[in-house]
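Peer 1: Please read through the structure below; I'll follow up with questions.
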Amino acid sequence: MQERGWTNFHAHTNVDPCCEPELTPALYAGLVGDEMRRVVITDHGFMHYFLHETDLLWSGRWMEDPEHFDAAREIGNANLRAGIDRIRNLKNAHVFAGIETDMMRDGRLTHDPGFTNEFDVILCGLHFAPWIEKLESEEARERAWLDFVDALLNTPEVDVFAHPFRWLATVNKGRISDDAIRRVLRWVEECGVALELNSNPNTPETAEVRMLRIVADRGLPVVIGTDSHAHAQITNFSLARQRLALAGLTPQDLYMPEVEDFIARKGRRQSMASRPVVDRSGRPITP
């Protein structure tokens, strides 16, 4: 582990009703120190838009019918603006504004695109996909998930693929094929998206260990996030260390970009052509 601690790229606040009420940006700022030297606040995009309709929120119907998102745009944008302002008003150089967005079935993200460049880092993960869950076989669900991930990773706004294999592991009772992992990591490499090593026990151990061995070999970018919903989770990177140890790796074996790397690459959000070209160590290649 780095002596000065890690940046926590995945952190939630009490915007999310699943979080402890004390989780505010100010609390995170107060916990910056030796263990967590910086933090990116990444509340769920969909939470800002559907918090007022909890039945709709947790059903995931808005993923299949984005008209729900359009109907909630005004209130969601107001909530999102307030959330960004809470972070920026801290004026703390160690606390950054991000988002954990989702991609709906029509390819749009669960935040108004007008906010995209206000975020220092954009995480995207899959939380709901009712149309995939309805498929009868594990193989069919994995194929449909791969199609969805392919589209997600080719979305220029996305910086980090959050908890990459968690959703599939949940709906497929832990089954994730080696082929699926290899394909996802090939697409990550082609698209210039970073992967998250999620230090939360609800992520699949076997898939993440396999993922880490491949990314270390290929020099793919990896960030660490605690995915914190409780005070005790905020600076708890123990699971990330455990997964690294199981993979036979140390942090020094990984290419771990910093927040500034994502901020500097904002231009690549405009199109696929503007994505940076990197060598095997993850360093940009100048034409």
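Each chain in the structure tokens gets a letter, A, B and so on, in the order shown; residues start at 1 in every chain, and ligands are counted from 1 in the order they appear.
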Residues of stretch 127-228 of chain A in alpha helix (DSSP H) according to DSSP, as a PyMOL selection string?

Peer 2: chain A and resi 130-133+138-153+166-171+178-191+205-218

Peer 1: Determine, counting only C-alpha atoms, which protein, DNA and RNA residues have an atom within 12 Å of an atom of A:Asp85; residues of the same chain fewer than 4 positions away are not included. Present the result as a PyMOL selection string.

Peer 2: chain A and resi 25+41+78-81+89-91+96-98+118-119

Peer 1: If we count only C-alpha atoms and set the cut-off at 10 Å, which residues sit around A:Glu139, ignoring sequence neighbours fewer than 3 positions away in its own chain? Please answer as number ranges by chain.

Peer 2: A: 135-136, 142-145, 172, 175-177

Peer 1: Report as a list of chain:residue names: the residues of stretch 87-236 of chain A with a DSSP assignment of strand (DSSP E or B), based on the backbone of this structure.

Peer 2: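 The residues of stretch 87-236 of chain A classed as strand (DSSP E or B) are A:Val95, A:Phe96, A:Ala97, A:Gly98, A:Ile99, A:Glu100, A:Thr101, A:Met103, A:Leu109, A:Val121, A:Ile122, A:Leu123, A:Cys124, A:Val160, A:Phe161, A:Ala194, A:Leu195, A:Glu196, A:Leu197, A:Asn198, A:Pro221, A:Val222, A:Val223, A:Ile224, A:Gly225, A:Ser228.
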
Peer 1: Kindly indicate which residue among A:Val160, A:Ala207, A:Met104, A:Ile263 lies nearest to A:His68, using only C-alpha atoms for the distances.

Peer 2: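 Selected residue with least distance to A:His68: A:Met104.
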
Peer 1: With only C-alpha atoms as the counted atoms, please give the residues lying no more than 10 Å from A:His127, apart from itself and same-chain residues fewer than 5 positions off, as an MDAnalysis selection string.

Peer 2: chainID A and resid 44 46 58 60 63 101:103 163 166:168

Peer 1: So that each row is one residue of stretch 187-217 of chain A with an atom at most 8 Å from stretch 228-243 of chain A, can you give its shortest atom pair and the distance in Å to one decimal, using only C-alpha atoms, rows by chain and rising number, as a tab-separated table?

Peer 2:
residue	atom	partner	partner_atom	distance
A:Leu197	CA	A:Ala240	CA	6.5
A:Asn198	CA	A:Ala240	CA	6.7
A:Ser199	CA	A:Ala240	CA	4.8
A:Asn200	CA	A:Leu239	CA	6.7
A:Pro201	CA	A:Leu239	CA	7.1
A:Glu205	CA	A:Arg243	CA	7.0
A:Glu208	CA	A:Arg243	CA	7.2
A:Val209	CA	A:Arg243	CA	5.9

Peer 1: Keeping only N, CA and C atoms, write the selected residues to a file as a PDB file, in the first residue's frame.

Peer 2:
ATOM      1  N   LEU A 197     -11.614  -1.424  -8.314  1.00  0.00           N
ATOM      2  CA  LEU A 197     -11.486  -2.461  -7.304  1.00  0.00           C
ATOM      3  C   LEU A 197     -12.337  -1.982  -6.134  1.00  0.00           C
ATOM      4  N   ASN A 198     -13.499  -2.597  -5.975  1.00  0.00           N
ATOM      5  CA  ASN A 198     -14.494  -2.135  -5.015  1.00  0.00           C
ATOM      6  C   ASN A 198     -14.285  -2.831  -3.675  1.00  0.00           C
ATOM      7  N   SER A 199     -13.965  -2.052  -2.655  1.00  0.00           N
ATOM      8  CA  SER A 199     -13.658  -2.608  -1.333  1.00  0.00           C
ATOM      9  C   SER A 199     -14.927  -2.750  -0.503  1.00  0.00           C
ATOM     10  N   ASN A 200     -15.883  -3.503  -1.057  1.00  0.00           N
ATOM     11  CA  ASN A 200     -17.161  -3.715  -0.386  1.00  0.00           C
ATOM     12  C   ASN A 200     -17.470  -5.208  -0.482  1.00  0.00           C
ATOM     13  N   PRO A 201     -17.897  -5.840   0.596  1.00  0.00           N
ATOM     14  CA  PRO A 201     -18.071  -7.297   0.581  1.00  0.00           C
ATOM     15  C   PRO A 201     -19.158  -7.805  -0.357  1.00  0.00           C
ATOM     16  N   GLU A 205     -15.650 -12.131  -5.125  1.00  0.00           N
ATOM     17  CA  GLU A 205     -14.219 -12.303  -4.890  1.00  0.00           C
ATOM     18  C   GLU A 205     -13.498 -12.940  -6.078  1.00  0.00           C
ATOM     19  N   GLU A 208     -13.148 -10.682  -9.169  1.00  0.00           N
ATOM     20  CA  GLU A 208     -12.252  -9.546  -8.966  1.00  0.00           C
ATOM     21  C   GLU A 208     -10.793  -9.992  -8.911  1.00  0.00           C
ATOM     22  N   VAL A 209     -10.529 -11.131  -8.326  1.00  0.00           N
ATOM     23  CA  VAL A 209      -9.156 -11.632  -8.282  1.00  0.00           C
ATOM     24  C   VAL A 209      -8.664 -11.941  -9.695  1.00  0.00           C
TER      25      VAL A 209
END

Peer 1: My list of candidates is A:Val193, A:Leu212, A:Val222, A:Gly5. Which is closest to A:Leu244 when distances are computed with only C-alpha atoms?

Peer 2: A:Leu212

Peer 1: What is the distance, in Å and to one decimal place, between atom CA of A:Ala264 and atom CA of A:Thr155?

Peer 2: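 If I compute the distance from atom CA of A:Ala264 to atom CA of A:Thr155, I get 17.8 Å.
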
Peer 1: Kindly give the distance, in Å, that separates atom CA of A:Leu123 and atom CA of A:Thr170, rounded to a single decimal.

Peer 2: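 Computing it gives 19.7 Å between the two atoms.
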
Peer 1: Can you measure atom CA of A:Thr42 to atom CA of A:Ala11 for me? One decimal in Å is fine.

Peer 2: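 Atom CA of A:Thr42 sits 5.3 Å away from atom CA of A:Ala11.
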